[in-house]
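Heads up, model-v4.txt below (compact mmCIF, C-alpha atoms):
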```txt
# COMPACT_ATOMS: atom_id res chain seq x y z
CA MET Y 105 0.00 0.00 0.00
CA THR Y 106 1.29 3.44 -0.91
CA LYS Y 107 1.66 5.80 2.01
CA PHE Y 108 0.90 9.46 1.46
CA SER Y 109 3.35 12.14 2.63
CA ALA Y 110 2.34 14.75 5.19
CA GLU Y 111 4.48 17.59 6.51
CA LEU Y 112 4.23 18.64 10.15
CA LEU Y 113 3.82 22.41 10.28
CA GLY Y 114 3.05 23.85 13.70
CA TYR Y 115 -0.10 22.17 15.00
CA ASN Y 116 -1.17 20.74 11.65
CA LEU Y 117 -0.06 18.31 9.00
CA VAL Y 118 -0.20 19.33 5.35
CA ILE Y 119 -0.53 16.97 2.43
CA TRP Y 120 0.88 19.07 -0.39
CA ASN Y 121 0.10 16.59 -3.16
CA VAL Y 122 -3.42 17.60 -4.20
CA ALA Y 123 -4.36 14.18 -5.62
CA GLU Y 124 -3.23 12.42 -2.42
CA GLY Y 125 -5.10 14.95 -0.27
CA SER Y 126 -8.28 14.40 -2.26
CA LYS Y 127 -7.97 10.62 -1.82
CA ILE Y 128 -7.51 10.95 1.94
CA TYR Y 129 -10.42 13.36 2.23
CA GLU Y 130 -12.60 11.07 0.13
CA SER Y 131 -11.70 8.04 2.26
CA GLY Y 132 -13.37 9.42 5.37
CA PHE Y 133 -13.64 13.21 5.27
CA PHE Y 134 -10.28 13.70 6.95
CA GLY Y 135 -8.94 17.25 7.10
CA LYS Y 136 -9.89 20.34 5.16
CA PRO Y 137 -8.58 21.65 1.85
CA VAL Y 138 -6.75 24.96 2.31
CA GLY Y 139 -9.15 27.89 1.91
CA ILE Y 140 -12.27 25.74 1.48
CA THR Y 141 -14.36 25.68 4.66
CA LYS Y 142 -17.17 23.52 3.25
CA PRO Y 143 -15.92 21.36 0.37
CA ARG Y 144 -18.71 20.59 -2.10
CA SER Y 145 -16.80 17.70 -3.61
CA THR Y 146 -14.15 15.19 -2.58
CA GLU Y 147 -11.93 16.49 -5.37
CA PHE Y 148 -10.23 19.86 -5.02
CA ASP Y 149 -7.13 21.70 -6.21
CA GLU Y 150 -5.69 22.69 -2.82
CA PRO Y 151 -3.40 21.01 -0.27
CA LEU Y 152 -5.15 19.17 2.56
CA VAL Y 153 -4.65 20.22 6.19
CA LEU Y 154 -5.06 17.67 8.99
CA ASP Y 155 -5.15 18.41 12.69
CA LEU Y 156 -2.92 16.43 15.05
CA ILE Y 157 -5.63 13.96 16.05
CA GLU Y 158 -6.48 13.11 12.44
CA GLY Y 159 -2.80 12.97 11.54
CA LEU Y 160 -1.88 10.58 14.33
CA TYR Y 161 -4.86 8.39 13.50
CA LEU Y 162 -3.85 8.17 9.83
CA LEU Y 163 -0.19 7.63 10.76
CA GLU Y 164 -1.09 4.75 13.10
CA LYS Y 165 -3.30 3.25 10.36
CA GLY Y 166 -0.32 3.31 7.98
CA ILE Y 167 -2.06 5.65 5.54
CA ILE Y 168 0.40 8.54 5.85
CA GLU Y 169 4.04 9.13 6.68
CA VAL Y 170 4.91 12.33 8.51
CA TYR Y 171 7.95 14.46 7.82
CA GLN Y 172 9.25 17.68 9.32
CA GLY Y 173 11.59 20.41 8.14
CA SER Y 174 13.62 20.95 5.00
CA ALA Y 175 15.65 17.82 5.78
CA LYS Y 176 12.38 15.85 5.64
CA THR Y 177 13.03 14.14 8.96
CA LYS Y 178 10.58 11.26 9.39
CA ILE Y 179 8.35 11.53 12.49
CA SER Y 180 7.27 8.35 14.28
CA SER Y 181 3.80 7.88 15.74
CA ARG Y 182 5.33 7.97 19.23
CA LYS Y 183 7.01 11.31 18.54
CA LEU Y 184 3.86 12.78 16.96
CA ARG Y 185 1.77 11.58 19.92
CA ASN Y 186 4.18 13.19 22.41
CA TYR Y 187 4.17 16.43 20.42
CA ALA Y 188 0.36 16.39 20.32
CA LYS Y 189 0.12 15.74 24.08
CA GLU Y 190 2.29 18.81 24.74
CA SER Y 191 0.34 21.10 22.44
CA TYR Y 192 -3.25 19.85 22.67
CA LYS Y 193 -5.25 20.08 25.89
CA ASN Y 194 -6.64 16.67 26.97
CA PHE Y 195 -5.14 15.04 23.89
CA ASN Y 196 -5.21 11.47 25.23
CA LEU Y 197 -8.86 11.71 26.27
CA ASN Y 198 -9.93 13.25 22.98
CA TYR Y 199 -7.87 10.82 20.93
CA VAL Y 200 -9.33 7.70 22.57
CA VAL Y 201 -12.84 8.98 21.80
CA TYR Y 202 -11.86 9.94 18.23
CA LYS Y 203 -10.44 6.47 17.56
CA ASP Y 204 -13.49 4.77 19.06
CA LEU Y 205 -15.92 6.79 16.96
CA ARG Y 206 -13.88 6.21 13.79
CA LYS Y 207 -13.68 2.48 14.60
CA ASN Y 208 -17.48 2.49 14.67
CA ASN Y 209 -17.59 4.05 11.19
CA TYR Y 210 -18.56 7.58 12.19
CA VAL Y 211 -17.12 10.67 10.54
CA VAL Y 212 -15.66 12.86 13.27
CA LEU Y 213 -15.05 16.58 12.82
CA PRO Y 214 -14.18 19.32 15.31
CA GLY Y 215 -17.26 20.57 17.16
CA ILE Y 216 -15.92 23.94 18.21
CA LYS Y 217 -18.68 25.89 16.45
CA PHE Y 218 -21.19 23.96 18.58
CA GLY Y 219 -19.23 24.42 21.82
CA CYS Y 220 -18.28 20.75 22.08
CA THR Y 221 -15.36 18.50 21.21
CA TYR Y 222 -16.74 16.77 18.11
CA ALA Y 223 -19.56 16.96 15.60
CA VAL Y 224 -20.24 13.37 14.54
CA TYR Y 225 -21.72 12.32 11.21
CA GLU Y 226 -23.10 8.98 10.12
CA LYS Y 227 -22.19 9.54 6.44
CA GLY Y 228 -20.26 12.79 6.16
CA PRO Y 229 -20.50 16.54 5.69
CA GLY Y 230 -22.43 17.51 2.59
CA ILE Y 231 -24.15 14.11 2.62
CA ASP Y 232 -26.00 14.38 5.92
CA HIS Y 233 -26.05 16.70 8.91
CA ALA Y 234 -24.15 15.71 12.03
CA PRO Y 235 -26.79 14.09 14.26
CA TYR Y 236 -24.52 14.07 17.33
CA LEU Y 237 -22.55 16.59 19.35
CA VAL Y 238 -19.95 14.93 21.57
CA SER Y 239 -18.29 16.51 24.56
CA VAL Y 240 -15.31 14.59 25.96
CA LYS Y 241 -15.01 14.57 29.75
CA ASP Y 242 -12.58 12.97 32.18
CA SER Y 243 -14.25 10.56 34.61
CA GLU Y 244 -13.07 12.77 37.48
CA GLU Y 245 -14.37 15.97 35.89
CA GLU Y 246 -17.44 17.55 37.42
CA VAL Y 247 -20.37 18.13 35.10
CA THR Y 248 -23.00 20.42 36.55
CA SER Y 249 -26.69 20.43 35.79
CA THR Y 250 -26.16 23.87 34.25
CA ASP Y 251 -23.58 22.37 31.87
CA ILE Y 252 -26.06 19.71 30.78
CA VAL Y 253 -28.93 22.17 30.34
CA ARG Y 254 -26.70 24.57 28.35
CA ALA Y 255 -25.49 21.77 26.07
CA GLY Y 256 -28.99 20.37 25.72
CA ARG Y 257 -30.46 23.72 24.73
CA LEU Y 258 -27.80 24.20 22.08
CA ALA Y 259 -28.14 20.65 20.77
CA THR Y 260 -31.93 20.87 20.44
CA THR Y 261 -31.66 24.29 18.78
CA VAL Y 262 -29.51 22.80 16.02
CA ARG Y 263 -31.47 19.50 15.99
CA LYS Y 264 -28.72 17.26 17.28
CA ARG Y 265 -28.34 14.83 20.14
CA PHE Y 266 -25.92 15.72 22.91
CA ILE Y 267 -23.50 13.04 24.09
CA ILE Y 268 -20.94 13.05 26.88
CA ALA Y 269 -18.04 10.69 26.13
CA ILE Y 270 -16.07 9.43 29.12
CA PRO Y 271 -12.94 7.55 28.05
CA ASN Y 272 -11.13 5.03 30.23
CA LEU Y 273 -7.48 5.45 29.19
CA THR Y 274 -6.36 2.26 30.92
CA MET Y 275 -8.85 0.04 29.13
CA LYS Y 276 -9.00 2.23 25.99
CA LYS Y 277 -12.78 2.08 26.14
CA VAL Y 278 -15.37 4.82 26.08
CA GLN Y 279 -18.68 5.21 27.89
CA TYR Y 280 -21.26 7.36 26.14
CA LEU Y 281 -24.13 9.16 27.83
CA MET Y 282 -26.69 10.45 25.34
CA PHE Y 283 -29.30 13.00 26.33
CA ASP Y 284 -32.62 13.22 24.57
CA TRP Y 285 -34.96 16.13 25.18
CA PHE Y 286 -38.64 16.32 24.52
CA LYS Y 287 -41.39 18.88 25.01
CA ALA Y 288 -43.83 18.09 27.76
```
This structure in structure tokens:
Amino acid sequence: MTKFSAELLGYNLVIWNVAEGSKIYESGFFGKPVGITKPRSTEFDEPLVLDLIEGLYLLEKGIIEVYQGSAKTKISSRKLRNYAKESYKNFNLNYVVYKDLRKNNYVVLPGIKFGCTYAVYEKGPGIDHAPYLVSVKDSEEEVTSTDIVRAGRLATTVRKRFIIAIPNLTMKKVQYLMFDWFKA
């Protein structure tokens, strides 16, 4: 299997080869083409930018190889993981949830515009709307009733289900708590 090349630049990985970037995007809606916030097609004429979570996932799957600098120094998955842990708050928690959702054939995109960790699609952006908003929480983290009401109000406003994901890093398993609201 041919591995695609990605360059580590700051907190992102860039796949400069446009054809390779299109193939990776098409394979599971990974990354975003530069300058295109909502791609209308899986083919585009721009480099593809991956965040660190997507990049590590694709590196561990053997889909990409990661290089850094003009000397094109190869970056191992261990080194990329350590770099991501230093630069990404709660990286391990978020990554375990990301991997679990991807393993279950969901398309996982950042949920920042919804005030959560991930927006989760069953098919993909442009094909369906994300039916789930996922907020990743540590098992020791306090979640108040106000937090749940706030998230629930937002989720129902945008017609999505709100889920709290609680990863167990030791077992590499995730518990999901889904909230469903209804009008009385």
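Relative to CA of Val278 (chain Y), CA of Ile252 (chain Y) is found at 18.9 Å.
For the atom pair formed by CA of Val240 (chain Y) and CA of Tyr202 (chain Y), the distance is 9.7 Å, given to one decimal.
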Enter the distance from CA of Leu281 (chain Y) to CA of Ile267 (chain Y), in Å, rounded to one decimal.
-> 5.4 Å
Which residue gives the smallest distance to Ala110 (chain Y) among Y:Gly228, Y:Gly215, Y:Gly159, Y:Gly132, with all atoms listed in the file counted?
-> Y:Gly159
Is there a way to get, as a PDB file with C-alpha atoms, in the coordinates of the input, all residues within 9 Å of the point (-19.6, 18.4, 6.1) in file coordinates, counting only C-alpha atoms?
```pdb
ATOM      1  CA  PHE Y 133     -13.640  13.210   5.270  1.00  0.00           C
ATOM      2  CA  LYS Y 142     -17.170  23.520   3.250  1.00  0.00           C
ATOM      3  CA  PRO Y 143     -15.920  21.360   0.370  1.00  0.00           C
ATOM      4  CA  ARG Y 144     -18.710  20.590  -2.100  1.00  0.00           C
ATOM      5  CA  LEU Y 213     -15.050  16.580  12.820  1.00  0.00           C
ATOM      6  CA  TYR Y 225     -21.720  12.320  11.210  1.00  0.00           C
ATOM      7  CA  GLY Y 228     -20.260  12.790   6.160  1.00  0.00           C
ATOM      8  CA  PRO Y 229     -20.500  16.540   5.690  1.00  0.00           C
ATOM      9  CA  GLY Y 230     -22.430  17.510   2.590  1.00  0.00           C
ATOM     10  CA  ILE Y 231     -24.150  14.110   2.620  1.00  0.00           C
ATOM     11  CA  ASP Y 232     -26.000  14.380   5.920  1.00  0.00           C
ATOM     12  CA  HIS Y 233     -26.050  16.700   8.910  1.00  0.00           C
ATOM     13  CA  ALA Y 234     -24.150  15.710  12.030  1.00  0.00           C
TER      14      ALA Y 234
END
```
Looking at all atoms listed in the file, which of Y:Lys189, Y:Lys241, Y:Lys217, Y:Lys127 is the one that sits closest to Val262 (chain Y)?
-> Y:Lys217
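Distances from Y:Asn121, Y:Thr261, Y:Asn209, Y:Gln279 to Val238 (chain Y) were compared using all atoms listed in the file, and the smallest one belongs to Y:Gln279.
Minimum atom-to-atom distance to Phe108 (chain Y), evaluated using only C-alpha atoms, belongs to Y:Glu169 out of Y:Thr141, Y:Glu169, Y:Val201, Y:Glu150.
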Could you model N, CA and C atoms for region 125-159 of chain Y and present them as a PDB file, keeping the file's coordinate frame?
```
ATOM      1  N   GLY Y 125      -4.197  14.310  -1.237  1.00  0.00           N
ATOM      2  CA  GLY Y 125      -5.100  14.950  -0.270  1.00  0.00           C
ATOM      3  C   GLY Y 125      -6.546  14.654  -0.581  1.00  0.00           C
ATOM      4  N   SER Y 126      -6.900  14.703  -1.859  1.00  0.00           N
ATOM      5  CA  SER Y 126      -8.280  14.400  -2.260  1.00  0.00           C
ATOM      6  C   SER Y 126      -8.642  12.956  -1.921  1.00  0.00           C
ATOM      7  N   LYS Y 127      -7.705  12.028  -2.130  1.00  0.00           N
ATOM      8  CA  LYS Y 127      -7.970  10.620  -1.820  1.00  0.00           C
ATOM      9  C   LYS Y 127      -8.186  10.418  -0.316  1.00  0.00           C
ATOM     10  N   ILE Y 128      -7.359  11.080   0.481  1.00  0.00           N
ATOM     11  CA  ILE Y 128      -7.510  10.950   1.940  1.00  0.00           C
ATOM     12  C   ILE Y 128      -8.825  11.563   2.396  1.00  0.00           C
ATOM     13  N   TYR Y 129      -9.159  12.726   1.870  1.00  0.00           N
ATOM     14  CA  TYR Y 129     -10.420  13.360   2.230  1.00  0.00           C
ATOM     15  C   TYR Y 129     -11.596  12.467   1.839  1.00  0.00           C
ATOM     16  N   GLU Y 130     -11.536  11.929   0.639  1.00  0.00           N
ATOM     17  CA  GLU Y 130     -12.600  11.070   0.130  1.00  0.00           C
ATOM     18  C   GLU Y 130     -12.753   9.791   0.955  1.00  0.00           C
ATOM     19  N   SER Y 131     -11.659   9.304   1.525  1.00  0.00           N
ATOM     20  CA  SER Y 131     -11.700   8.040   2.260  1.00  0.00           C
ATOM     21  C   SER Y 131     -12.396   8.124   3.610  1.00  0.00           C
ATOM     22  N   GLY Y 132     -12.704   9.312   4.075  1.00  0.00           N
ATOM     23  CA  GLY Y 132     -13.370   9.420   5.370  1.00  0.00           C
ATOM     24  C   GLY Y 132     -13.533  10.836   5.856  1.00  0.00           C
ATOM     25  N   PHE Y 133     -13.480  11.800   4.938  1.00  0.00           N
ATOM     26  CA  PHE Y 133     -13.640  13.210   5.270  1.00  0.00           C
ATOM     27  C   PHE Y 133     -12.614  13.672   6.291  1.00  0.00           C
ATOM     28  N   PHE Y 134     -11.379  13.264   6.087  1.00  0.00           N
ATOM     29  CA  PHE Y 134     -10.280  13.700   6.950  1.00  0.00           C
ATOM     30  C   PHE Y 134      -9.780  15.049   6.474  1.00  0.00           C
ATOM     31  N   GLY Y 135      -9.548  15.965   7.408  1.00  0.00           N
ATOM     32  CA  GLY Y 135      -8.940  17.250   7.100  1.00  0.00           C
ATOM     33  C   GLY Y 135      -9.839  18.205   6.358  1.00  0.00           C
ATOM     34  N   LYS Y 136      -9.206  19.313   5.939  1.00  0.00           N
ATOM     35  CA  LYS Y 136      -9.890  20.340   5.160  1.00  0.00           C
ATOM     36  C   LYS Y 136      -8.929  20.844   4.088  1.00  0.00           C
ATOM     37  N   PRO Y 137      -9.429  21.038   2.865  1.00  0.00           N
ATOM     38  CA  PRO Y 137      -8.580  21.650   1.850  1.00  0.00           C
ATOM     39  C   PRO Y 137      -8.321  23.116   2.226  1.00  0.00           C
ATOM     40  N   VAL Y 138      -7.112  23.593   1.967  1.00  0.00           N
ATOM     41  CA  VAL Y 138      -6.750  24.960   2.310  1.00  0.00           C
ATOM     42  C   VAL Y 138      -7.712  25.939   1.627  1.00  0.00           C
ATOM     43  N   GLY Y 139      -8.292  26.842   2.438  1.00  0.00           N
ATOM     44  CA  GLY Y 139      -9.150  27.890   1.910  1.00  0.00           C
ATOM     45  C   GLY Y 139     -10.569  27.473   1.570  1.00  0.00           C
ATOM     46  N   ILE Y 140     -10.916  26.215   1.798  1.00  0.00           N
ATOM     47  CA  ILE Y 140     -12.270  25.740   1.480  1.00  0.00           C
ATOM     48  C   ILE Y 140     -12.901  25.248   2.786  1.00  0.00           C
ATOM     49  N   THR Y 141     -13.783  26.055   3.370  1.00  0.00           N
ATOM     50  CA  THR Y 141     -14.360  25.680   4.660  1.00  0.00           C
ATOM     51  C   THR Y 141     -15.394  24.566   4.541  1.00  0.00           C
ATOM     52  N   LYS Y 142     -16.174  24.573   3.455  1.00  0.00           N
ATOM     53  CA  LYS Y 142     -17.170  23.520   3.250  1.00  0.00           C
ATOM     54  C   LYS Y 142     -17.001  22.943   1.844  1.00  0.00           C
ATOM     55  N   PRO Y 143     -16.131  21.943   1.704  1.00  0.00           N
ATOM     56  CA  PRO Y 143     -15.920  21.360   0.370  1.00  0.00           C
ATOM     57  C   PRO Y 143     -17.215  20.779  -0.187  1.00  0.00           C
ATOM     58  N   ARG Y 144     -17.508  21.097  -1.433  1.00  0.00           N
ATOM     59  CA  ARG Y 144     -18.710  20.590  -2.100  1.00  0.00           C
ATOM     60  C   ARG Y 144     -18.450  19.265  -2.798  1.00  0.00           C
ATOM     61  N   SER Y 145     -17.185  18.911  -2.892  1.00  0.00           N
ATOM     62  CA  SER Y 145     -16.800  17.700  -3.610  1.00  0.00           C
ATOM     63  C   SER Y 145     -15.604  17.087  -2.881  1.00  0.00           C
ATOM     64  N   THR Y 146     -15.329  15.822  -3.170  1.00  0.00           N
ATOM     65  CA  THR Y 146     -14.150  15.190  -2.580  1.00  0.00           C
ATOM     66  C   THR Y 146     -12.911  15.442  -3.420  1.00  0.00           C
ATOM     67  N   GLU Y 147     -13.073  16.124  -4.536  1.00  0.00           N
ATOM     68  CA  GLU Y 147     -11.930  16.490  -5.370  1.00  0.00           C
ATOM     69  C   GLU Y 147     -11.754  18.000  -5.318  1.00  0.00           C
ATOM     70  N   PHE Y 148     -10.529  18.435  -5.118  1.00  0.00           N
ATOM     71  CA  PHE Y 148     -10.230  19.860  -5.020  1.00  0.00           C
ATOM     72  C   PHE Y 148      -8.791  20.087  -5.453  1.00  0.00           C
ATOM     73  N   ASP Y 149      -8.454  21.338  -5.700  1.00  0.00           N
ATOM     74  CA  ASP Y 149      -7.130  21.700  -6.210  1.00  0.00           C
ATOM     75  C   ASP Y 149      -6.299  22.430  -5.166  1.00  0.00           C
ATOM     76  N   GLU Y 150      -6.420  22.050  -3.919  1.00  0.00           N
ATOM     77  CA  GLU Y 150      -5.690  22.690  -2.820  1.00  0.00           C
ATOM     78  C   GLU Y 150      -5.058  21.617  -1.947  1.00  0.00           C
ATOM     79  N   PRO Y 151      -3.972  21.949  -1.246  1.00  0.00           N
ATOM     80  CA  PRO Y 151      -3.400  21.010  -0.270  1.00  0.00           C
ATOM     81  C   PRO Y 151      -4.414  20.714   0.836  1.00  0.00           C
ATOM     82  N   LEU Y 152      -4.257  19.584   1.474  1.00  0.00           N
ATOM     83  CA  LEU Y 152      -5.150  19.170   2.560  1.00  0.00           C
ATOM     84  C   LEU Y 152      -4.451  19.394   3.895  1.00  0.00           C
ATOM     85  N   VAL Y 153      -5.185  19.981   4.855  1.00  0.00           N
ATOM     86  CA  VAL Y 153      -4.650  20.220   6.190  1.00  0.00           C
ATOM     87  C   VAL Y 153      -5.352  19.301   7.180  1.00  0.00           C
ATOM     88  N   LEU Y 154      -4.551  18.558   7.945  1.00  0.00           N
ATOM     89  CA  LEU Y 154      -5.060  17.670   8.990  1.00  0.00           C
ATOM     90  C   LEU Y 154      -4.695  18.229  10.346  1.00  0.00           C
ATOM     91  N   ASP Y 155      -5.566  18.051  11.334  1.00  0.00           N
ATOM     92  CA  ASP Y 155      -5.150  18.410  12.690  1.00  0.00           C
ATOM     93  C   ASP Y 155      -4.353  17.243  13.271  1.00  0.00           C
ATOM     94  N   LEU Y 156      -3.799  17.445  14.465  1.00  0.00           N
ATOM     95  CA  LEU Y 156      -2.920  16.430  15.050  1.00  0.00           C
ATOM     96  C   LEU Y 156      -3.626  15.120  15.346  1.00  0.00           C
ATOM     97  N   ILE Y 157      -4.878  15.190  15.758  1.00  0.00           N
ATOM     98  CA  ILE Y 157      -5.630  13.960  16.050  1.00  0.00           C
ATOM     99  C   ILE Y 157      -5.825  13.147  14.776  1.00  0.00           C
ATOM    100  N   GLU Y 158      -6.287  13.808  13.710  1.00  0.00           N
ATOM    101  CA  GLU Y 158      -6.480  13.110  12.440  1.00  0.00           C
ATOM    102  C   GLU Y 158      -5.152  12.559  11.917  1.00  0.00           C
ATOM    103  N   GLY Y 159      -4.110  13.376  12.029  1.00  0.00           N
ATOM    104  CA  GLY Y 159      -2.800  12.970  11.540  1.00  0.00           C
ATOM    105  C   GLY Y 159      -2.264  11.748  12.247  1.00  0.00           C
TER     106      GLY Y 159
END
```
